[in-house]
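Visitor: The file below is my_file_12.tsv, TSV, C-alpha atoms:
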chain	number	residue	atom	x	y	z
A	1	MET	CA	386.25	344.98	69.85
A	2	GLY	CA	386.76	348.17	67.87
A	3	THR	CA	388.60	348.13	64.56
A	4	PRO	CA	389.44	351.11	62.31
A	5	GLU	CA	386.43	350.21	60.15
A	6	ASN	CA	384.08	349.55	63.07
A	7	LYS	CA	384.86	352.09	65.78
A	8	ILE	CA	383.23	352.16	69.20
A	9	VAL	CA	381.11	355.30	69.33
A	10	PRO	CA	380.54	357.12	72.64
A	11	ALA	CA	376.96	356.84	73.89
A	12	ALA	CA	376.49	360.63	73.91
A	13	GLN	CA	377.39	360.75	70.24
A	14	THR	CA	374.74	358.22	69.21
A	15	SER	CA	371.80	359.78	71.07
A	16	GLY	CA	369.43	362.20	69.39
A	17	PHE	CA	368.44	362.60	65.77
A	18	VAL	CA	371.22	361.04	63.70
A	19	TYR	CA	370.37	362.87	60.49
A	20	LEU	CA	370.40	366.37	62.00
A	21	PRO	CA	374.02	367.19	60.94
A	22	LEU	CA	373.27	365.87	57.45
A	23	ILE	CA	370.18	368.05	57.03
A	24	ALA	CA	371.73	371.11	58.73
A	25	GLY	CA	374.89	370.72	56.64
A	26	TRP	CA	372.83	370.61	53.46
A	27	LEU	CA	370.70	373.63	54.38
A	28	VAL	CA	373.60	375.79	55.63
A	29	PRO	CA	377.17	375.00	54.47
A	30	GLY	CA	379.34	373.94	57.42
A	31	ALA	CA	376.43	373.80	59.89
A	32	GLY	CA	376.66	370.01	60.21
A	33	HIS	CA	380.25	370.28	61.42
A	34	PHE	CA	379.41	373.21	63.71
A	35	LEU	CA	376.72	371.05	65.37
A	36	LEU	CA	379.36	368.41	66.08
A	37	GLY	CA	381.80	370.95	67.52
A	38	LYS	CA	384.19	370.74	64.54
A	39	TRP	CA	384.51	374.52	64.31
A	40	LYS	CA	387.66	374.82	62.17
A	41	ARG	CA	386.53	372.21	59.65
A	42	GLY	CA	383.06	373.77	59.51
A	43	ALA	CA	384.45	377.26	59.01
A	44	LEU	CA	386.77	376.14	56.21
A	45	LEU	CA	383.97	374.22	54.50
A	46	ALA	CA	381.55	377.14	54.85
A	47	ALA	CA	384.14	379.62	53.52
A	48	SER	CA	384.95	377.39	50.55
A	49	ILE	CA	381.36	376.57	49.58
A	50	VAL	CA	379.87	380.02	50.20
A	51	GLY	CA	382.92	381.60	48.54
A	52	MET	CA	382.52	379.44	45.47
A	53	PHE	CA	378.78	380.11	45.31
A	54	GLY	CA	379.32	383.86	45.78
A	55	LEU	CA	382.01	383.99	43.08
A	56	GLY	CA	379.67	382.11	40.75
A	57	LEU	CA	377.00	384.74	41.31
A	58	ALA	CA	379.56	387.55	40.93
A	59	MET	CA	380.53	386.07	37.56
A	60	GLN	CA	376.89	386.40	36.48
A	61	GLY	CA	376.33	382.65	36.73
A	62	HIS	CA	372.91	381.22	35.95
A	63	LEU	CA	370.71	379.65	38.65
A	64	TYR	CA	368.71	376.78	37.20
A	65	ASN	CA	364.99	377.13	37.80
A	66	GLY	CA	363.34	374.66	35.47
A	67	ALA	CA	363.71	371.13	34.21
A	68	HIS	CA	363.16	371.35	30.46
A	69	ASP	CA	365.84	368.85	29.45
A	70	VAL	CA	368.24	366.38	31.04
A	71	LEU	CA	371.12	368.86	31.34
A	72	GLU	CA	368.88	371.38	33.09
A	73	ILE	CA	367.66	368.69	35.51
A	74	LEU	CA	371.28	367.82	36.36
A	75	GLY	CA	372.12	371.50	36.81
A	76	LEU	CA	369.09	371.98	39.05
A	77	VAL	CA	370.08	368.97	41.18
A	78	GLY	CA	373.57	370.46	41.59
A	79	ASP	CA	372.17	373.88	42.46
A	80	LEU	CA	369.77	372.38	45.01
A	81	GLY	CA	372.81	371.01	46.86
A	82	ASN	CA	373.45	374.58	48.03
A	83	GLY	CA	370.36	374.36	50.26
A	84	LEU	CA	369.08	377.65	51.64
A	85	LEU	CA	371.70	379.64	49.69
A	86	PHE	CA	370.12	378.54	46.42
A	87	LEU	CA	366.54	379.01	47.64
A	88	ALA	CA	367.29	382.49	49.01
A	89	CYS	CA	369.01	383.59	45.81
A	90	ARG	CA	366.14	382.22	43.72
A	91	ALA	CA	363.69	384.14	45.91
A	92	LEU	CA	365.78	387.32	45.52
A	93	ASP	CA	365.99	386.71	41.76
A	94	LEU	CA	369.79	386.75	41.78
A	95	GLY	CA	371.88	385.21	39.04
A	96	ALA	CA	371.77	385.84	35.32
A	97	ASP	CA	368.77	384.83	33.22
A	98	GLN	CA	370.96	383.83	30.31
A	99	VAL	CA	374.62	382.97	29.97
A	100	GLN	CA	376.11	385.40	27.47
A	101	MET	CA	379.86	385.20	28.01
A	102	THR	CA	382.57	382.80	29.07
A	103	THR	CA	382.94	384.02	32.64
A	104	ALA	CA	379.17	383.62	33.15
A	105	ASP	CA	379.49	380.02	32.02
A	106	TYR	CA	382.30	379.53	34.56
A	107	GLY	CA	380.04	381.15	37.17
A	108	THR	CA	377.26	378.70	36.42
A	109	ARG	CA	379.68	375.78	36.90
A	110	PHE	CA	381.00	377.32	40.13
A	111	ILE	CA	377.45	377.42	41.53
A	112	VAL	CA	376.69	373.81	40.53
A	113	VAL	CA	380.00	372.51	41.91
A	114	ALA	CA	379.49	374.47	45.16
A	115	GLY	CA	376.21	372.56	45.57
A	116	LEU	CA	377.87	369.21	44.93
A	117	LEU	CA	380.68	370.02	47.38
A	118	ASN	CA	378.08	370.99	49.98
A	119	VAL	CA	376.45	367.57	49.61
A	120	ILE	CA	379.86	365.91	50.15
A	121	ALA	CA	380.39	368.08	53.25
A	122	ALA	CA	376.93	367.22	54.61
A	123	VAL	CA	377.57	363.49	54.13
A	124	ASP	CA	380.92	363.93	55.90
A	125	ALA	CA	379.10	365.53	58.85
A	126	HIS	CA	376.75	362.53	58.90
A	127	ASN	CA	379.72	360.14	58.92
A	128	LEU	CA	381.23	362.05	61.84
A	129	ARG	CA	377.91	361.85	63.66
A	130	THR	CA	377.55	358.11	63.20
A	131	GLY	CA	381.20	357.49	64.15
A	132	ARG	CA	382.19	356.16	60.74
A	133	LYS	CA	384.81	358.92	60.62
A	134	SER	CA	386.70	360.72	63.39
B	1	MET	CA	380.89	392.03	38.01
B	2	PHE	CA	383.81	389.71	38.67
B	3	LYS	CA	385.67	388.74	35.48
B	4	PRO	CA	388.66	386.53	36.28
B	5	SER	CA	391.07	385.31	33.63
B	6	HIS	CA	390.79	381.66	32.63
B	7	PHE	CA	393.81	380.77	34.74
B	8	ALA	CA	392.50	382.69	37.77
B	9	ALA	CA	389.20	380.81	37.45
B	10	VAL	CA	391.08	377.50	37.37
B	11	VAL	CA	393.11	378.44	40.46
B	12	LEU	CA	390.01	379.56	42.41
B	13	PHE	CA	388.12	376.41	41.43
B	14	ALA	CA	391.08	374.21	42.42
B	15	LEU	CA	391.52	376.05	45.73
B	16	PHE	CA	387.91	375.72	46.95
B	17	THR	CA	387.49	372.17	45.70
B	18	SER	CA	390.78	371.01	47.22
B	19	VAL	CA	389.85	372.41	50.63
B	20	VAL	CA	386.54	370.51	50.66
B	21	PHE	CA	388.11	367.30	49.34
B	22	ALA	CA	390.88	367.46	51.92
B	23	ILE	CA	388.57	367.96	54.89
B	24	THR	CA	386.04	365.35	53.82
B	25	GLN	CA	388.36	362.63	52.53
B	26	ARG	CA	391.04	362.53	55.25
B	27	ASP	CA	390.95	362.12	59.04
B	28	THR	CA	393.92	363.98	60.53
B	29	PRO	CA	394.95	367.61	59.94
B	30	ARG	CA	398.36	366.64	58.56
B	31	ARG	CA	396.86	364.22	56.04
B	32	MET	CA	394.23	366.82	55.14
B	33	VAL	CA	396.91	369.38	54.26
B	34	ASN	CA	398.87	366.84	52.22
B	35	PHE	CA	395.81	365.68	50.33
B	36	GLY	CA	394.61	369.26	49.77
B	37	VAL	CA	397.95	370.28	48.27
B	38	TYR	CA	397.97	367.09	46.17
B	39	CYS	CA	394.46	367.82	44.80
B	40	PHE	CA	395.30	371.47	44.12
B	41	VAL	CA	398.47	370.58	42.18
B	42	LEU	CA	396.61	367.91	40.21
B	43	PHE	CA	393.73	370.28	39.33
B	44	VAL	CA	395.96	373.14	38.21
B	45	GLY	CA	398.61	370.91	36.67
B	46	SER	CA	396.13	368.93	34.59
B	47	ALA	CA	394.43	372.13	33.41
B	48	VAL	CA	397.78	373.62	32.29
B	49	LEU	CA	398.82	370.35	30.63
B	50	LEU	CA	395.51	369.96	28.76
B	51	SER	CA	395.65	373.62	27.71
B	52	TRP	CA	399.08	373.13	26.13
B	53	LEU	CA	397.84	369.91	24.50
B	54	MET	CA	394.85	371.70	22.97
B	55	PHE	CA	397.15	374.55	21.88
B	56	ALA	CA	399.40	372.04	20.11
B	57	ILE	CA	396.45	370.31	18.45
B	58	ALA	CA	394.93	373.61	17.30
B	59	ARG	CA	398.19	374.52	15.54
Transcribe the structure of this file into structure tokens.

Guide:
Amino acid sequence: MGTPENKIVPAAQTSGFVYLPLIAGWLVPGAGHFLLGKWKRGALLAASIVGMFGLGLAMQGHLYNGAHDVLEILGLVGDLGNGLLFLACRALDLGADQVQMTTADYGTRFIVVAGLLNVIAAVDAHNLRTGRKS
Amino acid sequence: MFKPSHFAAVVLFALFTSVVFAITQRDTPRRMVNFGVYCFVLFVGSAVLLSWLMFAIAR
């Protein structure tokens, strides 16, 4: 019997690779929800995450590229949450080399938080896929 | 280069974060909107409150 915590999931929803929305959502913001047909949610998530990442870059935010100390490792982990956005911008050498003013520091935080929000969104897509959330 | 004021940066941060929190933490559209507004008000409100607190301490 299905309860709110233990819902009955349609058979079509459980077939296939369960982790696909999680991986797609991490690589491309909102893609996990798009795969599940949640177009409005996916579009809002993509707009928010890409918007935040783009504003971070526009504020001359710094993209972490090394792991010289603990804070840089944490920043890199946050940045990696952006998936392909981060990798593409690293490849294109976007982002400031050094933070020299307050708005650039805000930009760096915007980029890190965008990555963390993208991880939350990807996990949400996985929960939708497994039926843990509707 | 985009150079927002401190308050504009707070509002933008609160807006984007609240949207993601609302969609990921609630199930129905109505509850999403309520939770998003709640998060936004808390983000901006706490930033304004802490700013005044730091202003008072600095004086």

Visitor: Write out as a ChimeraX atom specification the residues lying within 6 Å of Leu27 in chain A, counting only C-alpha atoms and excluding same-chain residues fewer than 3 positions away.

Guide: /A:24,83-84

Visitor: Take the residues that were just selected and, keeping C-alpha atoms, output them as an mmCIF file, in the coordinates of the input.

Guide:
data_model
loop_
_atom_site.group_PDB
_atom_site.id
_atom_site.type_symbol
_atom_site.label_atom_id
_atom_site.label_comp_id
_atom_site.auth_asym_id
_atom_site.auth_seq_id
_atom_site.Cartn_x
_atom_site.Cartn_y
_atom_site.Cartn_z
ATOM 1 C CA ALA A 24 371.730 371.110 58.730
ATOM 2 C CA GLY A 83 370.360 374.360 50.260
ATOM 3 C CA LEU A 84 369.080 377.650 51.640
#

Visitor: Just the residues within 12 Å of Pro29 in chain B, please, counting only C-alpha atoms, with nothing from its chain fewer than 5 positions along; format it as a PyMOL selection string.

Guide: (chain A and resi 40-41+134) or (chain B and resi 19+22-24+34-36)

Visitor: Could you please take those selected residues and save C-alpha atoms as a PDB file, in the coordinates of the input?

Guide:
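Saved as out.pdb:
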ATOM      1  CA  LYS A  40     387.660 374.820  62.170  1.00  0.00           C
ATOM      2  CA  ARG A  41     386.530 372.210  59.650  1.00  0.00           C
ATOM      3  CA  SER A 134     386.700 360.720  63.390  1.00  0.00           C
TER       4      SER A 134
ATOM      5  CA  VAL B  19     389.850 372.410  50.630  1.00  0.00           C
ATOM      6  CA  ALA B  22     390.880 367.460  51.920  1.00  0.00           C
ATOM      7  CA  ILE B  23     388.570 367.960  54.890  1.00  0.00           C
ATOM      8  CA  THR B  24     386.040 365.350  53.820  1.00  0.00           C
ATOM      9  CA  ASN B  34     398.870 366.840  52.220  1.00  0.00           C
ATOM     10  CA  PHE B  35     395.810 365.680  50.330  1.00  0.00           C
ATOM     11  CA  GLY B  36     394.610 369.260  49.770  1.00  0.00           C
TER      12      GLY B  36
END

Visitor: Applying 12 Å and only C-alpha atoms, which residues near Ser5 in chain B remain after dropping the ones on its own chain fewer than 3 positions away? List them as an mmCIF file with C-alpha atoms, keeping the file's coordinate frame.

Guide:
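Resulting contents of around-v3.cif:
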data_model
loop_
_atom_site.group_PDB
_atom_site.id
_atom_site.type_symbol
_atom_site.label_atom_id
_atom_site.label_comp_id
_atom_site.auth_asym_id
_atom_site.auth_seq_id
_atom_site.Cartn_x
_atom_site.Cartn_y
_atom_site.Cartn_z
ATOM 1 C CA MET A 59 380.530 386.070 37.560
ATOM 2 C CA THR A 102 382.570 382.800 29.070
ATOM 3 C CA THR A 103 382.940 384.020 32.640
ATOM 4 C CA TYR A 106 382.300 379.530 34.560
ATOM 5 C CA PHE B 2 383.810 389.710 38.670
ATOM 6 C CA ALA B 8 392.500 382.690 37.770
ATOM 7 C CA ALA B 9 389.200 380.810 37.450
ATOM 8 C CA VAL B 10 391.080 377.500 37.370
ATOM 9 C CA VAL B 11 393.110 378.440 40.460
ATOM 10 C CA LEU B 12 390.010 379.560 42.410
#

Visitor: Mind listing as a list in words which residues of chain A are within 6 Å of chain B, counting only C-alpha atoms?

Guide: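 Every residue meeting the condition is included here: Leu45, Ser48, Ala58, Met59 and Asp124 of chain A.
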
Visitor: Would you work out the distance separating CA of Leu57 in chain A from CA of Met101 in chain A, expressed in Å to one decimal?

Guide: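 Interatomic distance here is 13.6 Å.
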
Visitor: Given all atoms listed in the file as the basis, pick out the residue of A:Gly66, A:Gly37, A:Gly25, A:Gly51 nearest to Asp79 in chain A.

Guide: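 Among the listed residues, A:Gly66 lies closest to Asp79 in chain A.
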
Visitor: Given all atoms listed in the file as the basis, pick out the residue of A:Ser15, A:Pro21, A:Asp93, A:Leu87 nearest to His126 in chain A.

Guide: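 Once distances to His126 in chain A are computed over all atoms listed in the file, the minimum belongs to A:Pro21.
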
Visitor: Report the distance between CA of Arg132 in chain A and CA of Leu22 in chain A in Å, rounded to one decimal place.

Guide: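 Taking CA of Arg132 in chain A as the start and CA of Leu22 in chain A as the end point, the length is 13.6 Å.
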
Visitor: In Å, rounded to a single decimal, give me how far CA of Ile111 in chain A is from CA of Asp97 in chain A.

Guide: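 Between these atoms lies a distance of 14.1 Å.
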
Visitor: Set the distance at 9 Å and use all atoms listed in the file: which residues neighbour Asn82 in chain A once local chain neighbours fewer than 3 positions away are removed? I'd like the list as a list in words.

Guide: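 Those residues are Trp26, Leu27, Val28, Pro29, Ile49, Val50, Phe53, Gly78, Asp79, Leu85, Phe86, Leu87, Ile111, Val112, Ala114, Gly115, Leu116, Leu117, Asn118 and Val119 of chain A.
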
Visitor: Anything within 9 Å of (367.6, 378.8, 41.6): list those residues as a list in words, counting all atoms listed in the file and sticking to the file's coordinates.

Guide: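 Returned residue set, sorted by chain then number, is His62, Leu63, Tyr64, Asn65, Gly66, Leu76, Asp79, Leu80, Phe86, Leu87, Ala88, Cys89, Arg90, Ala91, Asp93, Leu94 and Gly95 of chain A.
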
Visitor: Could the residues in this selection be written to a file with C-alpha atoms, as a PDB file, keeping the file's coordinate frame?

Guide:
ATOM      1  CA  HIS A  62     372.910 381.220  35.950  1.00  0.00           C
ATOM      2  CA  LEU A  63     370.710 379.650  38.650  1.00  0.00           C
ATOM      3  CA  TYR A  64     368.710 376.780  37.200  1.00  0.00           C
ATOM      4  CA  ASN A  65     364.990 377.130  37.800  1.00  0.00           C
ATOM      5  CA  GLY A  66     363.340 374.660  35.470  1.00  0.00           C
ATOM      6  CA  LEU A  76     369.090 371.980  39.050  1.00  0.00           C
ATOM      7  CA  ASP A  79     372.170 373.880  42.460  1.00  0.00           C
ATOM      8  CA  LEU A  80     369.770 372.380  45.010  1.00  0.00           C
ATOM      9  CA  PHE A  86     370.120 378.540  46.420  1.00  0.00           C
ATOM     10  CA  LEU A  87     366.540 379.010  47.640  1.00  0.00           C
ATOM     11  CA  ALA A  88     367.290 382.490  49.010  1.00  0.00           C
ATOM     12  CA  CYS A  89     369.010 383.590  45.810  1.00  0.00           C
ATOM     13  CA  ARG A  90     366.140 382.220  43.720  1.00  0.00           C
ATOM     14  CA  ALA A  91     363.690 384.140  45.910  1.00  0.00           C
ATOM     15  CA  ASP A  93     365.990 386.710  41.760  1.00  0.00           C
ATOM     16  CA  LEU A  94     369.790 386.750  41.780  1.00  0.00           C
ATOM     17  CA  GLY A  95     371.880 385.210  39.040  1.00  0.00           C
TER      18      GLY A  95
END

Visitor: I want to know what sits within 12 Å of Val18 in chain A, based on only C-alpha atoms, with residues of the same chain fewer than 5 positions away left out; could you give that as a ChimeraX atom specification?

Guide: /A:12-13,23-24,32,35-36,123,125-131
